[in-house]
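Trainee: Below is my_file08.txt; it holds compact mmCIF, C-alpha atoms.
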```txt
# COMPACT_ATOMS: atom_id res chain seq x y z
CA MET A 1 40.60 -15.10 6.95
CA ALA A 2 40.21 -17.54 4.05
CA PHE A 3 36.44 -17.78 4.59
CA ARG A 4 36.12 -14.03 4.90
CA ASP A 5 38.06 -13.48 1.66
CA SER A 6 35.89 -16.10 -0.02
CA LEU A 7 32.59 -14.29 0.69
CA PRO A 8 32.73 -11.84 -2.25
CA ILE A 9 33.70 -14.83 -4.37
CA LEU A 10 30.70 -16.78 -3.07
CA MET A 11 28.57 -13.98 -4.49
CA GLY A 12 30.56 -13.73 -7.74
CA TYR A 13 31.06 -17.43 -8.45
CA GLY A 14 27.57 -18.27 -7.25
CA VAL A 15 25.94 -15.87 -9.68
CA MET A 16 28.43 -16.35 -12.53
CA GLY A 17 28.42 -20.13 -12.17
CA PHE A 18 24.61 -20.08 -12.14
CA ALA A 19 24.61 -17.95 -15.29
CA ALA A 20 27.16 -20.23 -16.97
CA GLY A 21 24.99 -23.23 -16.06
CA VAL A 22 21.92 -21.55 -17.57
CA VAL A 23 23.84 -20.77 -20.77
CA PHE A 24 25.17 -24.33 -21.00
CA ALA A 25 21.72 -25.86 -20.53
CA ALA A 26 20.27 -23.49 -23.13
CA CYS A 27 22.81 -23.95 -25.92
CA SER A 28 24.60 -27.29 -25.51
CA GLU A 29 21.60 -29.40 -26.57
CA MET A 30 22.76 -32.16 -24.20
CA SER A 31 20.16 -34.38 -22.53
CA ASN A 32 21.62 -34.07 -19.02
CA PRO A 33 23.04 -30.52 -18.79
CA ALA A 34 23.40 -30.46 -14.98
CA PHE A 35 25.70 -33.48 -15.06
CA TRP A 36 27.87 -32.00 -17.81
CA SER A 37 27.96 -28.54 -16.25
CA ALA A 38 29.11 -30.02 -12.92
CA PHE A 39 31.64 -32.28 -14.66
CA ILE A 40 33.16 -29.34 -16.58
CA ALA A 41 33.20 -27.08 -13.50
CA ALA A 42 34.91 -29.70 -11.33
CA THR A 43 37.57 -30.61 -13.88
CA SER A 44 38.42 -27.20 -15.33
CA PHE A 45 37.42 -24.48 -12.82
CA SER A 46 37.42 -21.72 -15.44
CA GLY A 47 34.64 -19.21 -16.09
CA THR A 48 35.69 -18.42 -19.65
CA LEU A 49 35.63 -22.08 -20.62
CA GLN A 50 32.36 -22.77 -18.81
CA PHE A 51 30.57 -20.06 -20.77
CA ALA A 52 32.13 -20.99 -24.12
CA ILE A 53 31.93 -24.77 -24.10
CA GLY A 54 28.15 -25.08 -24.49
CA ASN A 55 28.38 -23.95 -28.12
CA TRP A 56 31.28 -26.31 -28.79
CA PHE A 57 29.12 -29.18 -27.53
CA LYS A 58 26.27 -28.15 -29.79
CA ASP A 59 28.59 -27.98 -32.80
CA GLY A 60 30.14 -31.35 -31.91
CA TRP A 61 33.75 -30.14 -31.69
CA SER A 62 36.52 -32.75 -31.57
CA ALA A 63 38.69 -33.02 -28.46
CA ALA A 64 41.64 -31.64 -30.43
CA LEU A 65 39.74 -28.50 -31.45
CA VAL A 66 38.50 -28.07 -27.87
CA ALA A 67 42.09 -28.38 -26.61
CA LEU A 68 43.41 -25.84 -29.12
CA THR A 69 40.70 -23.25 -28.44
CA THR A 70 40.97 -23.75 -24.67
CA PHE A 71 44.70 -23.11 -24.98
CA ALA A 72 44.05 -19.84 -26.80
CA ILE A 73 41.46 -18.47 -24.36
CA SER A 74 43.29 -19.67 -21.21
CA PHE A 75 46.87 -18.74 -21.97
CA ARG A 76 47.03 -16.12 -19.21
CA TYR A 77 47.01 -18.90 -16.58
CA ALA A 78 50.57 -19.80 -17.60
CA PHE A 79 51.80 -16.56 -16.00
CA TYR A 80 50.08 -16.86 -12.64
CA GLY A 81 52.40 -19.49 -11.19
CA ILE A 82 55.51 -17.34 -11.69
CA SER A 83 54.84 -15.10 -8.71
CA LEU A 84 53.83 -18.05 -6.52
CA ILE A 85 56.77 -20.44 -7.14
CA GLY A 86 58.84 -19.02 -4.32
CA ARG A 87 55.92 -18.56 -1.96
CA TRP A 88 54.60 -22.09 -2.47
CA ARG A 89 58.01 -23.71 -2.01
CA GLY A 90 57.88 -26.50 0.53
CA ILE A 91 54.19 -27.35 0.08
CA GLY A 92 53.67 -31.09 -0.48
CA PHE A 93 53.11 -32.45 -3.98
CA PHE A 94 49.40 -33.25 -3.78
CA ARG A 95 48.50 -30.06 -1.94
CA LYS A 96 50.46 -27.99 -4.44
CA PHE A 97 48.79 -29.83 -7.31
CA PHE A 98 45.37 -29.01 -5.83
CA LEU A 99 46.37 -25.34 -5.51
CA ILE A 100 47.59 -25.30 -9.12
CA VAL A 101 44.32 -26.85 -10.36
CA GLY A 102 42.50 -24.10 -8.47
CA LEU A 103 44.58 -21.19 -9.78
CA THR A 104 41.71 -19.05 -11.14
CA ASP A 105 41.92 -15.29 -11.69
CA GLU A 106 40.30 -14.66 -8.32
CA ASN A 107 42.31 -17.21 -6.32
CA TYR A 108 45.50 -15.93 -7.92
CA ALA A 109 44.67 -12.33 -7.10
CA LEU A 110 44.09 -13.16 -3.42
CA GLU A 111 46.90 -15.70 -2.97
CA SER A 112 49.54 -13.51 -4.62
CA SER A 113 48.66 -10.50 -2.48
CA ARG A 114 47.98 -11.87 1.01
CA HIS A 115 50.95 -12.12 3.35
CA PHE A 116 51.30 -14.15 6.54
CA ALA A 117 54.04 -14.24 9.16
CA ARG A 118 54.19 -18.03 9.10
CA GLN A 119 54.41 -20.18 5.97
CA THR A 120 52.05 -22.81 7.44
CA ASP A 121 49.35 -20.13 7.84
CA PHE A 122 49.77 -19.10 4.22
CA GLU A 123 49.53 -22.72 3.04
CA ARG A 124 46.39 -23.24 5.12
CA TYR A 125 44.90 -20.01 3.75
CA CYS A 126 45.50 -21.04 0.12
CA LEU A 127 44.09 -24.55 0.63
CA LEU A 128 40.93 -23.36 2.39
CA LEU A 129 40.35 -20.54 -0.08
CA THR A 130 40.65 -22.94 -3.01
CA MET A 131 38.29 -25.46 -1.37
CA PHE A 132 35.64 -22.84 -0.58
CA ASN A 133 35.78 -21.24 -4.02
CA LEU A 134 35.82 -24.51 -5.94
CA SER A 135 32.73 -25.66 -4.05
CA TYR A 136 30.91 -22.36 -4.79
CA TRP A 137 31.78 -22.66 -8.47
CA VAL A 138 30.68 -26.27 -8.91
CA THR A 139 27.48 -25.64 -6.93
CA GLY A 140 26.66 -22.53 -8.98
CA CYS A 141 27.29 -24.24 -12.33
CA THR A 142 25.21 -27.28 -11.34
CA LEU A 143 22.25 -25.32 -9.98
CA GLY A 144 22.27 -23.01 -13.00
CA ALA A 145 22.06 -25.90 -15.44
CA LEU A 146 19.43 -27.58 -13.25
CA LEU A 147 17.12 -24.68 -12.39
CA GLY A 148 18.06 -22.03 -14.94
CA ASP A 149 14.78 -22.04 -16.77
CA VAL A 150 12.64 -22.13 -13.63
CA LEU A 151 14.20 -19.47 -11.40
CA LYS A 152 14.88 -15.87 -12.28
CA ILE A 153 17.12 -14.02 -9.84
CA PRO A 154 17.52 -10.22 -9.94
CA ASP A 155 21.25 -10.29 -10.61
CA LYS A 156 21.59 -7.30 -12.95
CA GLY A 157 24.84 -5.50 -12.17
CA VAL A 158 26.09 -8.09 -9.69
CA ASP A 159 28.97 -8.87 -12.06
CA PHE A 160 30.63 -5.75 -10.66
CA VAL A 161 31.59 -7.83 -7.62
CA MET A 162 34.57 -9.34 -9.48
CA ALA A 163 35.79 -5.94 -10.69
CA ALA A 164 35.41 -4.66 -7.12
CA LEU A 165 37.42 -7.58 -5.73
CA PHE A 166 40.30 -6.87 -8.13
CA ILE A 167 40.08 -3.12 -7.37
CA THR A 168 40.42 -3.61 -3.60
CA ILE A 169 43.39 -5.95 -4.05
CA LEU A 170 45.06 -3.53 -6.47
CA THR A 171 44.43 -0.61 -4.09
CA ASP A 172 46.16 -2.50 -1.26
CA GLN A 173 49.07 -3.53 -3.49
CA VAL A 174 49.67 -0.05 -4.83
CA ARG A 175 49.61 1.26 -1.28
CA GLN A 176 52.23 -1.34 -0.32
CA LEU A 177 54.43 -0.68 -3.34
CA PHE A 178 54.48 3.09 -3.04
CA GLY A 179 53.73 3.45 0.65
CA ARG A 180 56.09 3.69 3.59
CA LYS A 181 59.27 1.67 3.28
CA GLY A 182 59.28 -1.33 5.56
CA ALA A 183 55.59 -1.12 6.28
CA VAL A 184 54.13 -4.36 7.63
CA GLN A 185 52.61 -6.29 4.76
CA MET B 1 27.41 -34.92 -29.20
CA SER B 2 27.84 -38.47 -27.92
CA MET B 3 28.70 -39.34 -24.33
CA LEU B 4 32.22 -40.44 -25.26
CA ASP B 5 32.96 -37.36 -27.39
CA GLY B 6 31.67 -35.16 -24.56
CA VAL B 7 33.88 -36.82 -21.95
CA LEU B 8 36.91 -36.55 -24.26
CA ALA B 9 36.20 -32.86 -24.92
CA VAL B 10 35.86 -32.07 -21.20
CA LEU B 11 39.03 -33.98 -20.34
CA ALA B 12 40.95 -32.25 -23.15
CA ALA B 13 39.91 -28.82 -21.86
CA SER B 14 40.75 -29.82 -18.29
CA PHE B 15 44.19 -31.11 -19.29
CA VAL B 16 45.06 -27.93 -21.19
CA ILE B 17 43.95 -25.64 -18.35
CA ILE B 18 45.78 -27.61 -15.64
CA ALA B 19 48.91 -27.84 -17.83
CA LEU B 20 48.91 -24.06 -18.38
CA ARG B 21 48.48 -23.42 -14.65
CA ALA B 22 51.28 -25.87 -13.82
CA LEU B 23 53.70 -24.69 -16.52
CA PRO B 24 55.80 -22.23 -14.46
CA PHE B 25 56.14 -24.75 -11.63
CA VAL B 26 57.34 -27.46 -14.01
CA LEU B 27 59.67 -25.16 -15.97
CA MET B 28 61.23 -23.39 -13.06
CA SER B 29 61.45 -26.00 -10.34
CA ARG B 30 65.06 -26.51 -11.43
CA LEU B 31 65.94 -22.84 -11.11
CA SER B 32 66.74 -21.31 -7.79
CA ALA B 33 63.98 -19.33 -6.13
CA GLU B 34 66.59 -16.74 -5.28
CA THR B 35 67.24 -15.69 -8.87
CA LYS B 36 66.97 -11.96 -9.06
CA TRP B 37 64.34 -11.72 -11.79
CA LEU B 38 62.05 -14.09 -9.92
CA LYS B 39 62.15 -11.70 -6.95
CA VAL B 40 61.31 -8.83 -9.29
CA ALA B 41 58.50 -10.89 -10.82
CA GLU B 42 57.06 -11.73 -7.40
CA ARG B 43 56.94 -8.04 -6.56
CA TRP B 44 55.65 -6.55 -9.83
CA LEU B 45 53.88 -9.26 -11.79
CA SER B 46 50.98 -9.63 -9.40
CA PRO B 47 49.89 -5.94 -9.40
CA ILE B 48 50.28 -5.79 -13.18
CA VAL B 49 48.16 -8.89 -13.74
CA ILE B 50 45.53 -7.67 -11.30
CA ALA B 51 45.41 -4.28 -13.04
CA LEU B 52 44.79 -6.14 -16.30
CA LEU B 53 42.04 -8.16 -14.60
CA VAL B 54 40.39 -4.89 -13.52
CA VAL B 55 40.50 -3.64 -17.13
CA TYR B 56 39.18 -6.97 -18.42
CA SER B 57 36.33 -7.13 -15.92
CA TYR B 58 35.37 -3.53 -16.85
CA SER B 59 35.16 -4.56 -20.49
CA THR B 60 32.32 -6.93 -19.52
CA LEU B 61 30.42 -4.12 -17.74
CA GLU B 62 28.70 -0.98 -19.04
CA TRP B 63 32.11 0.63 -19.47
CA ARG B 64 30.96 3.35 -21.86
CA THR B 65 28.85 4.89 -19.09
CA PHE B 66 29.96 6.63 -15.89
CA MET B 67 28.44 3.88 -13.73
CA PRO B 68 31.29 1.39 -13.25
CA TYR B 69 33.72 4.27 -12.65
CA ALA B 70 31.53 5.77 -9.94
CA ALA B 71 31.23 2.36 -8.28
CA GLY B 72 34.97 1.79 -8.73
CA ALA B 73 35.79 5.17 -7.17
CA LEU B 74 33.61 4.36 -4.16
CA THR B 75 35.36 0.98 -3.83
CA VAL B 76 38.84 2.57 -3.88
CA LEU B 77 37.80 5.35 -1.48
CA LEU B 78 36.34 2.93 1.09
CA GLN B 79 39.35 0.64 0.77
CA LEU B 80 41.74 3.54 1.41
CA LEU B 81 39.67 4.73 4.37
CA TRP B 82 38.84 1.49 6.18
CA LYS B 83 40.99 -1.22 4.58
CA ASN B 84 38.03 -3.57 4.89
CA GLY B 85 37.76 -5.52 1.63
CA LEU B 86 34.27 -6.89 2.28
CA VAL B 87 32.78 -3.46 3.00
CA SER B 88 34.43 -1.90 -0.08
CA ILE B 89 33.40 -4.73 -2.41
CA PHE B 90 29.78 -4.94 -1.27
CA ALA B 91 29.30 -1.15 -1.19
CA GLY B 92 30.79 -0.74 -4.68
CA THR B 93 28.69 -3.59 -6.06
CA ALA B 94 25.53 -2.28 -4.38
CA LEU B 95 26.10 1.17 -5.90
CA TYR B 96 26.62 -0.35 -9.35
CA MET B 97 23.48 -2.48 -9.04
CA ILE B 98 21.47 0.60 -8.02
CA LEU B 99 22.95 2.72 -10.85
CA VAL B 100 22.20 0.20 -13.61
CA ARG B 101 18.59 0.19 -12.46
CA LEU B 102 18.35 4.00 -12.25
CA PHE B 103 20.00 4.60 -15.65
CA PRO B 104 19.08 1.65 -17.85
```
Give the structure from the file, written as structure tokens.
Mentor:
Amino acid sequence: MAFRDSLPILMGYGVMGFAAGVVFAACSEMSNPAFWSAFIAATSFSGTLQFAIGNWFKDGWSAALVALTTFAISFRYAFYGISLIGRWRGIGFFRKFFLIVGLTDENYALESSRHFARQTDFERYCLLLTMFNLSYWVTGCTLGALLGDVLKIPDKGVDFVMAALFITILTDQVRQLFGRKGAVQ
Amino acid sequence: MSMLDGVLAVLAASFVIIALRALPFVLMSRLSAETKWLKVAERWLSPIVIALLVVYSYSTLEWRTFMPYAAGALTVLLQLLWKNGLVSIFAGTALYMILVRLFP
């Protein structure tokens, strides 16, 4: 289930991460862009940041300015946890911390909408999904920064995959909200 | 940018993002999970946020043309018919990729 749900994200994160890596290598003017791209991907796990930070590197921004701007462009993340507090109750500290680190738009959308009969199954689902997707993202960002100039993949229009993922989740949720009372979730 | 400045910048960004993602858990761990508004939030917040994510992701596409809406309609239709997320997502994306090549 977690792997299956991660497949559209493999496509989306793979291509987006690759693109973000290419952009970083092109505009950061750093001598080892693949290292930096992987480092940023593994510590922040955020597409918006990954695309934006190359220019900040080029302009030599201070850590304080980076923190302030990151706060502004990432503020939406502060709302995601609210609908997961109850559902993640009882998960151990380190596991929950890992899930929080991995709370991207896509992981949030899936985790907040999938329902399992047993809590242990839900916990397992969230952990696996986060591991799969984090690995896709870091791999994409690294390869993009490494090979961006060499390879050219026909990816025009593939960015629709993320819109499509959100659309299918929203379709299911609307059906649940307005559908038959007591329907199995 | 020097190595040290780069590491500090990356760590600053990482700290801010993780802190934002952790904020509700830190703020509300003291409150009961049974509070009424939290139940309401669990039910309604997720669809609202996901609807906003749909709008946001459209803003990065060719949203002034019919193409993303045609692909979106196909995605919704397949999802309502078969409830198979993978099929809906890949079919919708394939249609969009074909359309942007047909109508550049």
Trainee: Show which residues sit within 8 Å of Cys141 in chain A, as a list in words. Count all atoms listed in the file, and ignore same-chain residues fewer than 5 positions away.
Mentor: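 Here the answer would be Gly14, Met16, Gly17, Phe18, Ala19, Ala20, Gly21, Val22, Ala34, Ser37, Ala38 and Ala41 of chain A.
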Trainee: What is the distance between CA of Phe79 in chain A and CA of Leu99 in chain A, in Å to one decimal?
Mentor: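 So the two atoms, CA of Phe79 in chain A and CA of Leu99 in chain A, lie 14.7 Å apart.
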Trainee: Which chain A residues have any atom within 7 Å of an atom of chain B, and for each, what is the nearest pair of atoms with distance in Å to one decimal, counting all atoms listed in the file, rows sorted by chain and number, as JSON lines?
Mentor:
```
{"residue": "A:Pro8", "atom": "CA", "partner": "B:Leu86", "partner_atom": "CA", "distance": 6.9}
{"residue": "A:Ile40", "atom": "CA", "partner": "B:Val10", "partner_atom": "CA", "distance": 6.0}
{"residue": "A:Thr43", "atom": "CA", "partner": "B:Ser14", "partner_atom": "CA", "distance": 5.5}
{"residue": "A:Ser44", "atom": "CA", "partner": "B:Ser14", "partner_atom": "CA", "distance": 4.6}
{"residue": "A:Phe57", "atom": "CA", "partner": "B:Met1", "partner_atom": "CA", "distance": 6.2}
{"residue": "A:Lys58", "atom": "CA", "partner": "B:Met1", "partner_atom": "CA", "distance": 6.9}
{"residue": "A:Gly60", "atom": "CA", "partner": "B:Met1", "partner_atom": "CA", "distance": 5.2}
{"residue": "A:Ser62", "atom": "CA", "partner": "B:Ala9", "partner_atom": "CA", "distance": 6.7}
{"residue": "A:Ala63", "atom": "CA", "partner": "B:Ala9", "partner_atom": "CA", "distance": 4.3}
{"residue": "A:Val66", "atom": "CA", "partner": "B:Ala9", "partner_atom": "CA", "distance": 6.1}
{"residue": "A:Ala67", "atom": "CA", "partner": "B:Ala13", "partner_atom": "CA", "distance": 5.2}
{"residue": "A:Thr70", "atom": "CA", "partner": "B:Ala13", "partner_atom": "CA", "distance": 5.9}
{"residue": "A:Phe71", "atom": "CA", "partner": "B:Val16", "partner_atom": "CA", "distance": 6.1}
{"residue": "A:Ser74", "atom": "CA", "partner": "B:Ile17", "partner_atom": "CA", "distance": 6.7}
{"residue": "A:Phe75", "atom": "CA", "partner": "B:Leu20", "partner_atom": "CA", "distance": 6.7}
{"residue": "A:Tyr77", "atom": "CA", "partner": "B:Arg21", "partner_atom": "CA", "distance": 5.1}
{"residue": "A:Ala78", "atom": "CA", "partner": "B:Leu20", "partner_atom": "CA", "distance": 4.6}
{"residue": "A:Gly81", "atom": "CA", "partner": "B:Pro24", "partner_atom": "CA", "distance": 5.5}
{"residue": "A:Ile82", "atom": "CA", "partner": "B:Pro24", "partner_atom": "CA", "distance": 5.6}
{"residue": "A:Ser83", "atom": "CA", "partner": "B:Glu42", "partner_atom": "CA", "distance": 4.2}
{"residue": "A:Ile85", "atom": "CA", "partner": "B:Phe25", "partner_atom": "CA", "distance": 6.3}
{"residue": "A:Gly86", "atom": "CA", "partner": "B:Ala33", "partner_atom": "CA", "distance": 5.5}
{"residue": "A:Ile100", "atom": "CA", "partner": "B:Arg21", "partner_atom": "CA", "distance": 5.9}
{"residue": "A:Val101", "atom": "CA", "partner": "B:Ile18", "partner_atom": "CA", "distance": 5.5}
{"residue": "A:Leu103", "atom": "CA", "partner": "B:Arg21", "partner_atom": "CA", "distance": 6.6}
{"residue": "A:Ala109", "atom": "CA", "partner": "B:Ile50", "partner_atom": "CA", "distance": 6.3}
{"residue": "A:Ser112", "atom": "CA", "partner": "B:Ser46", "partner_atom": "CA", "distance": 6.3}
{"residue": "A:Lys156", "atom": "CA", "partner": "B:Met97", "partner_atom": "CA", "distance": 6.5}
{"residue": "A:Gly157", "atom": "CA", "partner": "B:Met97", "partner_atom": "CA", "distance": 4.6}
{"residue": "A:Val158", "atom": "CA", "partner": "B:Met97", "partner_atom": "CA", "distance": 6.2}
{"residue": "A:Phe160", "atom": "CA", "partner": "B:Thr93", "partner_atom": "CA", "distance": 5.4}
{"residue": "A:Val161", "atom": "CA", "partner": "B:Thr93", "partner_atom": "CA", "distance": 5.4}
{"residue": "A:Ala163", "atom": "CA", "partner": "B:Ser57", "partner_atom": "CA", "distance": 5.4}
{"residue": "A:Ala164", "atom": "CA", "partner": "B:Ile89", "partner_atom": "CA", "distance": 5.1}
{"residue": "A:Leu165", "atom": "CA", "partner": "B:Ile89", "partner_atom": "CA", "distance": 5.9}
{"residue": "A:Phe166", "atom": "CA", "partner": "B:Val54", "partner_atom": "CA", "distance": 5.7}
{"residue": "A:Ile167", "atom": "CA", "partner": "B:Val54", "partner_atom": "CA", "distance": 6.4}
{"residue": "A:Thr168", "atom": "CA", "partner": "B:Gly85", "partner_atom": "CA", "distance": 6.2}
{"residue": "A:Leu170", "atom": "CA", "partner": "B:Pro47", "partner_atom": "CA", "distance": 6.1}
{"residue": "A:Thr171", "atom": "CA", "partner": "B:Val76", "partner_atom": "CA", "distance": 6.4}
{"residue": "A:Gln173", "atom": "CA", "partner": "B:Pro47", "partner_atom": "CA", "distance": 6.4}
```
Trainee: Just give me the gap between CA of Met30 in chain A and CA of Gly54 in chain A in Å, one decimal is fine.
Mentor: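 Straight-line distance from CA of Met30 in chain A to CA of Gly54 in chain A works out to 8.9 Å.
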Trainee: How far is it from CA of Phe98 in chain A to CA of Leu147 in chain A, in Å with one decimal?
Mentor: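 We find that CA of Phe98 in chain A and CA of Leu147 in chain A lie 29.3 Å from each other.
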Trainee: Under the rule that all atoms listed in the file are counted, which of A:Asp105, A:Glu29, A:Asp172, A:Glu123 is the nearest residue to Asp59 in chain A?
Mentor: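 With all atoms listed in the file as the atom set, the closest residue is A:Glu29.
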